[in-house]
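J.: Quick one, protein-v2.cif (mmCIF, C-alpha atoms):
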```cif
data_input
loop_
_atom_site.label_atom_id
_atom_site.label_comp_id
_atom_site.auth_asym_id
_atom_site.auth_seq_id
_atom_site.Cartn_x
_atom_site.Cartn_y
_atom_site.Cartn_z
CA MET A 1 96.19 38.35 -75.13
CA SER A 2 98.15 41.00 -76.95
CA PRO A 3 99.89 43.25 -74.45
CA SER A 4 98.87 46.87 -74.35
CA ASN A 5 99.57 49.79 -72.10
CA ARG A 6 95.89 50.40 -71.68
CA ASN A 7 92.50 48.75 -71.88
CA PRO A 8 90.77 50.11 -74.99
CA PRO A 9 87.26 51.32 -74.24
CA PHE A 10 84.30 50.03 -76.15
CA PHE A 11 80.55 50.22 -76.26
CA SER A 12 79.50 47.17 -74.29
CA THR A 13 76.24 45.30 -74.48
CA SER A 14 75.66 44.90 -70.78
CA HIS A 15 76.21 47.06 -67.73
CA GLN A 16 77.95 44.08 -66.20
CA ASP A 17 80.82 44.47 -68.68
CA SER A 18 83.12 46.17 -66.20
CA PRO A 19 85.54 43.61 -64.77
CA LEU A 20 85.01 45.16 -61.35
CA SER A 21 81.22 45.18 -61.59
CA THR A 22 81.14 41.60 -60.33
CA PHE A 23 82.13 42.94 -56.93
CA ARG A 24 79.78 45.93 -56.77
CA ASN A 25 77.36 44.17 -54.48
CA ALA A 26 79.87 41.89 -52.85
CA SER A 27 80.46 43.65 -49.58
CA THR A 28 77.69 46.05 -48.70
CA PRO A 29 73.94 46.49 -49.19
CA GLU A 30 73.23 49.55 -51.24
CA ASN A 31 70.26 51.61 -52.32
CA ILE A 32 70.38 52.70 -55.93
CA LEU A 33 68.06 55.23 -57.54
CA TYR A 34 68.00 55.33 -61.33
CA GLY A 35 65.96 56.84 -64.08
CA PHE A 36 66.09 60.62 -63.89
CA GLN A 37 64.83 62.68 -66.80
CA SER A 38 67.84 64.32 -68.42
CA SER A 39 68.00 68.01 -69.25
CA GLN A 40 70.60 70.74 -69.42
CA PRO A 41 72.22 71.46 -66.04
CA LYS A 42 70.73 74.57 -64.50
CA ASN A 43 73.95 76.03 -63.18
CA ASP A 44 76.18 75.52 -66.21
CA GLN A 45 76.56 79.25 -66.57
CA GLN A 46 79.01 79.22 -63.65
CA PHE A 47 81.36 76.79 -65.40
CA PRO A 48 81.26 76.84 -69.25
CA SER A 49 79.81 73.60 -70.66
CA TYR A 50 81.40 71.76 -73.55
CA HIS A 51 79.01 69.22 -75.01
CA GLN A 52 80.74 68.95 -78.39
CA ALA A 53 83.57 66.59 -79.18
CA SER A 54 87.29 66.30 -79.79
CA ARG A 55 90.12 64.08 -80.93
CA SER A 56 93.86 64.22 -80.15
CA THR A 57 96.90 61.97 -79.99
CA SER A 58 97.09 61.44 -76.25
CA PHE A 59 95.40 58.63 -74.34
CA LEU A 60 94.36 59.12 -70.74
CA ARG A 61 93.14 56.18 -68.76
CA GLY A 62 89.62 56.74 -67.54
CA SER A 63 89.79 57.00 -63.79
CA SER A 64 88.76 59.15 -61.01
CA PRO A 65 89.88 62.13 -59.01
CA ILE A 66 93.38 63.21 -59.76
CA SER A 67 93.82 59.98 -61.74
CA HIS A 68 92.46 61.50 -64.94
CA GLY A 69 96.05 62.36 -65.84
CA LEU A 70 95.09 65.53 -67.69
CA ASN A 71 97.89 67.49 -69.27
CA SER A 72 96.61 71.02 -69.82
CA ASN A 73 98.89 71.55 -72.83
CA GLN A 74 97.18 68.69 -74.65
CA TYR A 75 93.71 70.14 -74.23
CA ASP A 76 94.18 73.75 -75.30
CA VAL A 77 93.20 72.91 -78.89
CA GLU A 78 89.86 71.82 -80.26
CA CYS A 79 89.59 68.14 -81.10
CA ALA A 80 86.88 65.53 -81.58
CA ARG A 81 85.79 64.08 -78.25
CA THR A 82 81.97 64.20 -78.47
CA LEU A 83 80.02 61.23 -79.80
CA TYR A 84 76.47 61.31 -81.14
CA PHE A 85 74.29 58.27 -80.39
CA GLY A 86 71.10 58.17 -82.44
CA ASN A 87 68.12 55.95 -83.28
CA LEU A 88 67.49 55.33 -79.59
CA PRO A 89 64.22 53.61 -78.57
CA ASN A 90 61.24 55.66 -77.45
CA GLU A 91 61.28 54.31 -73.90
CA TYR A 92 64.45 53.90 -71.87
CA LEU A 93 66.28 55.46 -68.94
CA LEU A 94 69.42 57.52 -69.43
CA SER A 95 71.12 55.44 -66.73
CA GLU A 96 70.41 52.27 -68.74
CA PHE A 97 72.17 53.68 -71.77
CA LEU A 98 75.14 54.90 -69.71
CA ASP A 99 75.44 51.40 -68.23
CA LEU A 100 76.72 50.41 -71.69
CA ILE A 101 79.50 52.99 -71.84
CA ARG A 102 82.86 51.91 -70.44
CA GLY A 103 86.47 52.96 -70.81
CA GLY A 104 86.75 56.66 -70.00
CA SER A 105 85.56 59.59 -67.89
CA ILE A 106 82.77 61.77 -69.23
CA GLU A 107 82.77 65.56 -69.12
CA SER A 108 79.12 66.07 -70.08
CA ILE A 109 76.01 64.36 -71.40
CA LYS A 110 73.33 66.06 -73.48
CA HIS A 111 70.14 64.00 -73.66
CA LEU A 112 67.68 65.02 -76.40
CA VAL A 113 64.69 62.85 -75.55
CA GLU A 114 62.41 64.26 -78.24
CA LYS A 115 65.04 63.52 -80.92
CA ASN A 116 65.93 60.05 -79.62
CA CYS A 117 69.61 60.87 -79.37
CA ILE A 118 72.39 61.55 -76.86
CA PHE A 119 75.64 63.52 -77.13
CA ILE A 120 78.43 62.35 -74.81
CA THR A 121 81.59 64.44 -74.42
CA PHE A 122 84.58 62.53 -73.02
CA LEU A 123 87.56 64.10 -71.29
CA ASP A 124 89.90 61.99 -73.41
CA PRO A 125 89.43 62.18 -77.20
CA ASN A 126 91.02 58.76 -77.63
CA VAL A 127 88.25 57.18 -75.57
CA ALA A 128 85.71 58.70 -77.94
CA SER A 129 87.71 57.49 -80.93
CA GLN A 130 87.93 53.91 -79.65
CA ILE A 131 84.19 53.73 -78.90
CA TYR A 132 83.41 55.22 -82.30
CA ASP A 133 85.59 52.62 -84.06
CA GLU A 134 84.10 49.75 -82.04
CA MET A 135 80.54 50.73 -82.83
CA ASN A 136 81.28 51.15 -86.51
CA ASN A 137 82.85 47.71 -86.66
CA SER A 138 79.97 45.85 -85.02
CA LYS A 139 76.20 46.00 -84.78
CA ILE A 140 75.15 47.35 -81.38
CA LEU A 141 71.54 46.85 -80.24
CA PHE A 142 69.92 48.74 -77.38
CA LYS A 143 66.43 47.58 -76.43
CA GLY A 144 66.01 46.13 -79.92
CA GLU A 145 67.17 49.23 -81.82
CA GLU A 146 70.45 49.41 -83.75
CA ILE A 147 72.41 52.36 -82.41
CA LYS A 148 73.85 54.92 -84.82
CA VAL A 149 77.04 56.71 -83.87
CA GLY A 150 78.67 59.85 -85.25
CA TRP A 151 80.89 62.76 -84.27
CA GLY A 152 79.79 65.95 -82.57
CA LYS A 153 81.48 69.33 -82.95
CA PRO A 154 85.15 69.59 -81.92
CA SER A 155 85.96 71.40 -78.70
CA ALA A 156 88.73 71.95 -76.17
CA VAL A 157 88.50 71.24 -72.45
CA SER A 158 88.12 74.61 -70.76
CA PRO A 159 90.94 75.75 -68.45
CA THR A 160 88.47 75.82 -65.56
CA ILE A 161 87.47 72.19 -66.08
CA GLN A 162 91.12 71.20 -66.56
CA ASP A 163 92.02 72.79 -63.24
CA TYR A 164 89.19 71.11 -61.33
CA VAL A 165 89.82 67.69 -62.91
CA MET A 166 93.50 67.88 -61.97
CA LYS A 167 92.35 68.51 -58.40
CA GLY A 168 90.04 65.49 -58.46
CA ALA A 169 86.75 66.58 -60.02
CA SER A 170 84.48 64.18 -61.85
CA ARG A 171 80.74 64.11 -62.49
CA ASN A 172 80.37 61.77 -59.51
CA VAL A 173 79.91 63.47 -56.12
CA PHE A 174 81.06 61.44 -53.11
CA LEU A 175 79.37 61.88 -49.72
CA GLY A 176 80.85 60.55 -46.49
CA ASN A 177 79.60 60.40 -42.90
CA MET A 178 75.99 60.31 -44.11
CA GLU A 179 73.03 60.32 -41.73
CA SER A 180 70.37 57.60 -41.76
CA PHE A 181 67.69 59.93 -43.16
CA MET A 182 69.73 60.60 -46.31
CA THR A 183 67.95 58.24 -48.68
CA PRO A 184 68.31 58.26 -52.48
CA GLU A 185 65.02 60.15 -52.72
CA TRP A 186 66.25 62.79 -50.25
CA LEU A 187 69.52 63.18 -52.16
CA LYS A 188 67.60 63.52 -55.42
CA ASN A 189 65.67 66.47 -54.02
CA GLU A 190 68.88 68.11 -52.83
CA PHE A 191 70.92 67.58 -55.99
CA GLU A 192 68.50 68.07 -58.86
CA ARG A 193 68.81 71.88 -58.56
CA PHE A 194 72.37 71.53 -59.84
CA GLY A 195 71.40 69.67 -62.98
CA SER A 196 70.30 66.34 -64.40
CA ILE A 197 71.08 63.19 -62.43
CA ASP A 198 72.30 59.89 -63.84
CA THR A 199 72.25 57.63 -60.75
CA ILE A 200 72.28 57.82 -56.97
CA LYS A 201 73.83 55.10 -54.83
CA VAL A 202 73.71 54.91 -51.03
CA ILE A 203 75.78 52.33 -49.10
CA SER A 204 74.05 52.54 -45.73
CA ASP A 205 76.37 50.46 -43.55
CA LYS A 206 79.39 52.49 -44.68
CA LYS A 207 77.53 55.79 -44.39
CA ILE A 208 78.62 56.83 -47.86
CA GLY A 209 76.86 57.73 -51.06
CA PHE A 210 77.50 58.69 -54.68
CA VAL A 211 75.51 61.03 -56.90
CA HIS A 212 76.34 60.85 -60.60
CA LEU A 213 75.32 64.05 -62.37
CA THR A 214 75.39 64.43 -66.15
CA SER A 215 78.27 66.89 -66.27
CA ILE A 216 81.42 67.74 -64.37
CA ASN A 217 80.17 71.35 -64.31
CA SER A 218 77.14 70.33 -62.30
CA ALA A 219 79.21 68.25 -59.88
CA ILE A 220 81.60 71.17 -59.29
CA ASN A 221 78.67 73.47 -58.57
CA ALA A 222 77.17 70.91 -56.19
CA VAL A 223 80.38 70.34 -54.21
CA ASN A 224 81.18 74.05 -53.96
CA SER A 225 77.67 75.03 -52.91
CA LEU A 226 76.75 72.18 -50.58
CA ALA A 227 80.04 72.43 -48.67
CA ARG A 228 78.65 75.68 -47.22
CA GLU A 229 75.18 74.32 -46.41
CA ASP A 230 73.84 72.22 -43.56
CA PRO A 231 73.84 69.28 -43.16
CA PHE A 232 76.48 68.81 -45.88
CA SER A 233 78.98 71.18 -44.24
CA HIS A 234 79.51 68.56 -41.51
CA MET A 235 80.09 65.73 -44.00
CA ARG A 236 82.88 64.56 -46.24
CA LEU A 237 82.01 65.95 -49.66
CA TYR A 238 84.22 65.40 -52.66
CA TYR A 239 84.40 63.47 -55.95
CA GLY A 240 84.28 59.75 -56.71
CA LYS A 241 85.16 57.74 -59.78
CA ASP A 242 83.03 58.16 -62.90
CA ARG A 243 81.29 54.82 -63.32
CA CYS A 244 81.79 55.01 -67.09
CA ALA A 245 85.57 55.08 -66.52
CA SER A 246 85.61 51.41 -65.50
CA PRO A 247 87.47 49.33 -68.10
CA PRO A 248 85.54 46.84 -70.24
CA LEU A 249 85.98 43.11 -70.19
CA ALA A 250 88.12 41.42 -72.79
CA ASP A 251 86.42 40.15 -75.95
CA ASP A 252 85.74 36.79 -74.32
CA LYS A 253 83.20 37.91 -71.74
CA LYS A 254 82.90 34.39 -70.35
CA HIS A 255 86.58 34.26 -69.49
CA THR A 256 87.32 33.97 -65.78
CA ALA A 257 90.73 34.99 -64.50
CA ASP A 258 92.99 32.03 -63.84
CA PRO A 259 95.77 33.07 -61.45
CA THR A 260 97.95 30.19 -62.67
CA ASP A 261 97.87 31.54 -66.24
CA PRO A 262 100.63 34.14 -66.90
CA LYS A 263 98.20 36.33 -68.83
CA ASP A 264 96.07 36.55 -65.69
CA ASN A 265 99.03 37.18 -63.38
CA ARG A 266 99.07 40.64 -61.80
CA THR A 267 102.50 40.47 -60.13
CA VAL A 268 105.73 41.31 -61.97
CA TYR A 269 109.07 40.22 -60.51
CA LEU A 270 111.98 42.68 -60.73
CA GLY A 271 115.45 41.33 -60.03
CA GLY A 272 119.06 42.47 -60.16
CA ILE A 273 118.18 45.81 -58.62
CA HIS A 274 121.06 48.11 -57.65
CA PRO A 275 121.35 48.17 -53.82
CA ASP A 276 121.10 51.98 -53.75
CA VAL A 277 117.74 52.06 -55.54
CA THR A 278 114.82 53.24 -53.39
CA THR A 279 111.16 52.24 -53.50
CA LYS A 280 110.36 55.68 -54.87
CA GLU A 281 112.82 55.20 -57.75
CA LEU A 282 111.21 51.85 -58.58
CA CYS A 283 107.76 53.45 -58.67
CA ASP A 284 109.14 56.25 -60.84
CA VAL A 285 109.73 53.73 -63.66
CA ILE A 286 106.76 51.41 -63.15
CA ARG A 287 104.07 52.48 -65.62
CA GLY A 288 100.92 51.24 -67.31
CA GLY A 289 98.49 50.66 -64.46
CA ILE A 290 97.77 51.47 -60.83
CA LEU A 291 99.38 49.23 -58.24
CA GLN A 292 97.82 47.18 -55.51
CA GLN A 293 101.21 47.02 -53.81
CA ILE A 294 104.96 47.22 -54.30
CA LYS A 295 107.16 44.92 -52.21
CA TYR A 296 110.86 45.75 -52.25
CA PHE A 297 113.58 43.63 -50.64
CA PRO A 298 116.79 45.67 -51.05
CA GLU A 299 118.87 43.09 -49.19
CA LYS A 300 117.91 40.58 -51.89
CA ASN A 301 117.96 43.10 -54.77
CA ILE A 302 114.45 42.09 -55.81
CA ALA A 303 110.96 43.59 -55.84
CA PHE A 304 107.41 42.54 -56.70
CA ALA A 305 104.97 44.98 -58.30
CA THR A 306 101.34 43.83 -58.09
CA PHE A 307 99.01 45.69 -60.42
CA ILE A 308 95.24 45.99 -60.04
CA GLU A 309 94.76 44.65 -63.56
CA ALA A 310 96.57 41.69 -65.13
CA GLU A 311 96.68 43.42 -68.50
CA ALA A 312 98.62 46.32 -67.00
CA ALA A 313 101.11 43.86 -65.51
CA SER A 314 101.47 42.18 -68.90
CA SER A 315 102.07 45.52 -70.63
CA PHE A 316 104.81 46.52 -68.18
CA TYR A 317 106.40 43.06 -68.29
CA ASN A 318 106.46 42.97 -72.08
CA ARG A 319 107.88 46.48 -72.30
CA GLY A 320 110.65 45.49 -69.90
CA ILE A 321 111.46 42.32 -71.85
CA THR A 322 111.32 44.06 -75.24
CA ASP A 323 113.12 47.32 -74.46
CA GLY A 324 115.00 46.53 -71.26
CA LEU A 325 114.98 48.70 -68.14
CA MET A 326 117.94 50.36 -66.45
CA LEU A 327 118.16 51.80 -62.94
CA LYS A 328 121.43 53.33 -61.74
CA ASN A 329 123.20 51.78 -64.75
CA LYS A 330 122.09 48.27 -63.80
CA ARG A 331 119.75 46.22 -65.99
CA ILE A 332 116.58 45.00 -64.32
CA LYS A 333 115.58 41.35 -64.71
CA PHE A 334 111.92 40.65 -65.41
CA GLY A 335 109.84 37.66 -64.38
CA TRP A 336 106.49 36.73 -62.91
CA GLY A 337 105.67 36.65 -59.22
CA LYS A 338 103.23 34.42 -57.43
CA PRO A 339 99.76 34.85 -59.00
CA SER A 340 96.77 35.88 -56.90
CA PRO A 341 93.21 37.07 -57.53
CA LEU A 342 92.19 40.66 -56.79
CA PRO A 343 90.37 40.69 -53.41
CA PRO A 344 86.70 41.71 -53.89
CA THR A 345 86.94 44.36 -51.16
CA ILE A 346 89.81 46.08 -52.98
CA ALA A 347 87.95 45.80 -56.30
CA VAL A 348 84.99 47.66 -54.79
CA GLN A 349 87.22 50.38 -53.39
CA VAL A 350 89.10 50.80 -56.69
CA GLU A 351 85.84 51.14 -58.58
CA GLN A 352 84.96 53.96 -56.20
CA GLY A 353 88.25 55.72 -56.90
CA ALA A 354 90.73 54.25 -54.43
CA SER A 355 94.48 54.22 -55.12
CA ARG A 356 97.59 53.93 -52.97
CA ASN A 357 97.96 57.73 -53.10
CA VAL A 358 96.17 59.92 -50.53
CA TYR A 359 95.31 63.51 -51.46
CA ILE A 360 95.21 66.23 -48.78
CA GLY A 361 93.70 69.52 -49.90
CA LEU A 362 93.56 73.02 -48.36
CA ILE A 363 96.77 72.48 -46.39
CA ASP A 364 98.49 75.34 -44.57
CA GLU A 365 102.04 76.11 -43.47
CA PHE A 366 101.64 73.85 -40.42
CA ILE A 367 101.47 70.76 -42.62
CA SER A 368 105.11 69.85 -43.16
CA GLU A 369 106.52 66.67 -44.67
CA GLU A 370 107.59 65.60 -41.19
CA THR A 371 104.04 66.13 -39.88
CA LEU A 372 102.55 64.08 -42.70
CA ARG A 373 105.05 61.27 -42.20
CA GLN A 374 104.41 61.16 -38.48
CA ASP A 375 100.61 61.18 -38.85
CA PHE A 376 100.31 58.80 -41.81
CA SER A 377 103.06 56.25 -41.13
CA PRO A 378 100.91 54.39 -38.54
CA PHE A 379 98.69 53.27 -41.42
CA GLY A 380 101.53 51.55 -43.28
CA GLU A 381 104.78 51.96 -45.16
CA ILE A 382 105.02 55.25 -47.06
CA GLU A 383 106.65 55.34 -50.49
CA LEU A 384 106.57 59.08 -51.19
CA ILE A 385 105.36 62.37 -49.68
CA ASN A 386 104.89 65.27 -52.06
CA ARG A 387 103.92 68.77 -50.85
CA LEU A 388 102.83 71.55 -53.21
CA PRO A 389 102.46 74.49 -50.82
CA GLU A 390 101.76 76.99 -53.60
CA LYS A 391 98.66 74.95 -54.51
CA ARG A 392 97.88 74.12 -50.87
CA ILE A 393 97.84 70.39 -51.57
CA ALA A 394 99.91 67.36 -50.56
CA PHE A 395 100.07 63.68 -51.46
CA VAL A 396 101.07 60.65 -49.40
CA SER A 397 101.78 57.53 -51.47
CA PHE A 398 101.83 54.21 -49.66
CA THR A 399 103.40 50.95 -50.79
CA ASP A 400 100.03 49.17 -50.51
CA ILE A 401 96.57 50.35 -51.54
CA THR A 402 95.07 48.90 -48.34
CA TYR A 403 97.19 51.31 -46.30
CA ALA A 404 95.80 54.25 -48.26
CA ILE A 405 92.22 53.02 -47.91
CA LYS A 406 92.66 52.74 -44.15
CA ALA A 407 94.26 56.19 -43.99
CA VAL A 408 91.42 57.87 -45.90
CA GLU A 409 88.80 56.17 -43.74
CA GLU A 410 90.46 56.93 -40.39
CA ILE A 411 92.47 60.15 -40.73
CA ILE A 412 89.27 62.17 -41.03
CA GLU A 413 88.50 61.17 -37.44
CA ASN A 414 91.54 63.14 -36.38
CA PRO A 415 90.21 66.63 -35.46
CA PHE A 416 93.28 68.25 -36.96
CA TYR A 417 92.59 66.74 -40.38
CA ALA A 418 88.84 67.35 -40.32
CA GLN A 419 89.49 70.82 -41.76
CA PHE A 420 91.23 69.45 -44.86
CA ARG A 421 89.95 67.68 -47.94
CA ILE A 422 90.95 64.03 -47.82
CA ASN A 423 90.53 61.80 -50.84
CA PHE A 424 92.45 59.49 -53.17
CA GLY A 425 94.96 60.98 -55.59
CA LYS A 426 96.47 59.65 -58.78
CA ASP A 427 98.86 56.70 -58.65
CA ARG A 428 101.66 57.85 -60.98
CA CYS A 429 102.30 54.21 -61.87
CA GLY A 430 98.99 54.40 -63.73
CA ASN A 431 100.49 56.83 -66.26
CA ALA A 432 100.82 55.48 -69.78
CA ILE A 433 104.07 53.74 -70.71
CA ARG A 434 106.18 56.16 -72.73
CA PRO A 435 109.78 56.08 -73.99
CA SER A 436 112.25 57.22 -71.34
CA LYS A 437 115.93 57.11 -70.56
CA SER A 438 115.26 54.20 -68.19
CA PHE A 439 113.91 52.02 -71.01
CA LEU A 440 116.46 50.83 -73.55
CA VAL A 441 115.96 50.03 -77.16
CA SER A 442 118.33 47.09 -77.30
CA PRO A 443 119.40 44.53 -76.37
CA PRO A 444 116.26 43.14 -74.69
CA SER A 445 116.21 41.69 -71.20
CA THR A 446 116.23 37.96 -70.67
CA PRO A 447 112.94 36.91 -69.10
CA THR A 448 112.92 34.94 -65.89
CA ASN A 449 110.47 32.19 -66.79
CA GLU A 450 109.85 30.55 -63.47
CA ILE A 451 107.17 31.83 -61.12
CA LEU A 452 108.94 33.47 -58.21
CA LYS A 453 107.65 33.56 -54.68
CA ASN A 454 106.65 37.00 -53.39
#
```
Once more with this new file: its structure as structure tokens, please.
T.:
Amino acid sequence: MSPSNRNPPFFSTSHQDSPLSTFRNASTPENILYGFQSSQPKNDQQFPSYHQASRSTSFLRGSSPISHGLNSNQYDVECARTLYFGNLPNEYLLSEFLDLIRGGSIESIKHLVEKNCIFITFLDPNVASQIYDEMNNSKILFKGEEIKVGWGKPSAVSPTIQDYVMKGASRNVFLGNMESFMTPEWLKNEFERFGSIDTIKVISDKKIGFVHLTSINSAINAVNSLAREDPFSHMRLYYGKDRCASPPLADDKKHTADPTDPKDNRTVYLGGIHPDVTTKELCDVIRGGILQQIKYFPEKNIAFATFIEAEAASSFYNRGITDGLMLKNKRIKFGWGKPSPLPPTIAVQVEQGASRNVYIGLIDEFISEETLRQDFSPFGEIELINRLPEKRIAFVSFTDITYAIKAVEEIIENPFYAQFRINFGKDRCGNAIRPSKSFLVSPPSTPTNEILKN
């Protein structure tokens, strides 16, 4: 496996090609409604729609909520980010076609049934570019027809969409605390006024659901409108992860992760850490993929960073070995920790947008850092609390993703927090690896070859 700081997206040949899709049905029964006729969203006039495409030099990992990693300065210019898919068969469902798209979040989908084609506009132009290259290098069949791919018109992400995406918006609407009568058919009737629907999923025993619309515009309209209507005003209503943002499998689709193989190891060992370094400072330099957990033992000057994806761990490890990493003028030693598989329950949660960072929206002056620490510390060790009072938002980052999952599920039961928007935020460790003062150019670190116990 060649190390990379990201998983390149591609046009897959099966909707099972997401590495997390194996776990979709692992923990809970779910009702899924597919097959909606696609058309232009009815309320797009409220938020300008951009169905054409663009290309730029930045890569943003497809992910959900605040994890899109949008930088508004990178999206003020028009670039190619819309792909045209033509020569589609006469009979198929839009959801079936979208099952094949993996690797990045979608801004909008324009489905021209009568012309047997689809235009898909991605938030990240590099996702579009990678899918375009993949399809032009291989023959892709969909229901027996060879798919044609081309570029749509260049466009920039509108400032309105940028702002909402930075706050967590995606085309997937999340519903929590659902009632038993809220079936997929009932949700279809409630949501189709906002625009075309891709899929609806209801997980009955968790009382949650997800409605994938065909544009972020439509999802924004739905969340803003339904939050003021019964019975939705009494529910948790926000955004989930775009299902098309799930990363694809490696080229060998039959490969099964072997935790004893270093290329399948998700845990990186960090040694020789300066005793004054904090957990926050470690997370400030860990990049390339979201973390399952960070374990830091300052008395031993070591830490273990466990990534969700083995490829992300490999990218960070190789960058550390190649370029070296300094913290407080002390070189960090790199090695591998004890390998372990990703628990299915965490895989399901990550696919639905979970991270170790909890987002709290619509905060007021009564929400201080001390208040957040007191209220959230019972769920687990906190790595960082970040308040942005001017934007009325705050973030609580835990050292373990399970702590954040528990916090999101339980804090809403606290009457004080029922008035705020609670969701998962972006794990900054998921930002792309870029040159920094912490990384050196030479000489490289000496790898620690043995597997260390964590």
J.: On this file, the PyMOL selection byres ((chain A and resi 279-291) around 6) gives some set of residues; write that set as a VMD selection string.
T.: chain A and resid 5 278 292 to 293 306 to 308 312 383 427 429 to 433
J.: Save the residues we just selected, C-alpha atoms, as a JSON list (two decimals), keeping the file's coordinate frame?
T.:
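As a result, selection-v2.json now contains:
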```
[["chain", "number", "residue", "atom", "x", "y", "z"],
["A", 5, "ASN", "CA", 99.57, 49.79, -72.10],
["A", 278, "THR", "CA", 114.82, 53.24, -53.39],
["A", 292, "GLN", "CA", 97.82, 47.18, -55.51],
["A", 293, "GLN", "CA", 101.21, 47.02, -53.81],
["A", 306, "THR", "CA", 101.34, 43.83, -58.09],
["A", 307, "PHE", "CA", 99.01, 45.69, -60.42],
["A", 308, "ILE", "CA", 95.24, 45.99, -60.04],
["A", 312, "ALA", "CA", 98.62, 46.32, -67.00],
["A", 383, "GLU", "CA", 106.65, 55.34, -50.49],
["A", 427, "ASP", "CA", 98.86, 56.70, -58.65],
["A", 429, "CYS", "CA", 102.30, 54.21, -61.87],
["A", 430, "GLY", "CA", 98.99, 54.40, -63.73],
["A", 431, "ASN", "CA", 100.49, 56.83, -66.26],
["A", 432, "ALA", "CA", 100.82, 55.48, -69.78],
["A", 433, "ILE", "CA", 104.07, 53.74, -70.71]]
```
J.: Quick one: everything within 10 Å of Leu388 of chain A, counting all atoms listed in the file, minus sequence neighbours fewer than 5 positions away in the same chain. Send it as an mmCIF file with C-alpha atoms, in the frame of the given file.
T.:
```
data_model
loop_
_atom_site.group_PDB
_atom_site.id
_atom_site.type_symbol
_atom_site.label_atom_id
_atom_site.label_comp_id
_atom_site.auth_asym_id
_atom_site.auth_seq_id
_atom_site.Cartn_x
_atom_site.Cartn_y
_atom_site.Cartn_z
ATOM 1 C CA GLY A 361 93.700 69.520 -49.900
ATOM 2 C CA ILE A 363 96.770 72.480 -46.390
ATOM 3 C CA ILE A 393 97.840 70.390 -51.570
ATOM 4 C CA ALA A 394 99.910 67.360 -50.560
ATOM 5 C CA PHE A 395 100.070 63.680 -51.460
#
```
J.: Taking all atoms listed in the file into account, name the residue in A:Phe232, A:Phe122, A:Phe379, A:Phe142 that is nearest to Ala80 of chain A.
T.: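 With all atoms listed in the file as the atom set, the closest residue is A:Phe122.
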J.: Please compute the atom CA of Leu384 of chain A-atom CA of Lys328 of chain A distance, one decimal, in Å.
T.: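 These atoms are spaced 19.1 Å apart.
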J.: Pick out the closest residue to Asp276 of chain A from this set: A:Ala222, A:Met182, A:Leu327, A:Ala303. Count only C-alpha atoms.
T.: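 Ranking A:Ala222, A:Met182, A:Leu327, A:Ala303 by distance to Asp276 of chain A, first place goes to A:Leu327.
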J.: Rounded to one decimal place, report the atom CA of Val348 of chain A-atom CA of Val396 of chain A distance in Å.
T.: 21.4 Å
J.: Report, in Å to a single decimal, how far apart atom CA of Pro154 of chain A and atom CA of Glu78 of chain A are.
T.: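 The value is 5.5 Å.
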J.: Measuring atom to atom with all atoms listed in the file, identify which of A:Thr214, A:Ile208, A:Glu190, A:Asp264 is nearest to Asp230 of chain A.
T.: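 Closest to Asp230 of chain A, using all atoms listed in the file: A:Glu190.
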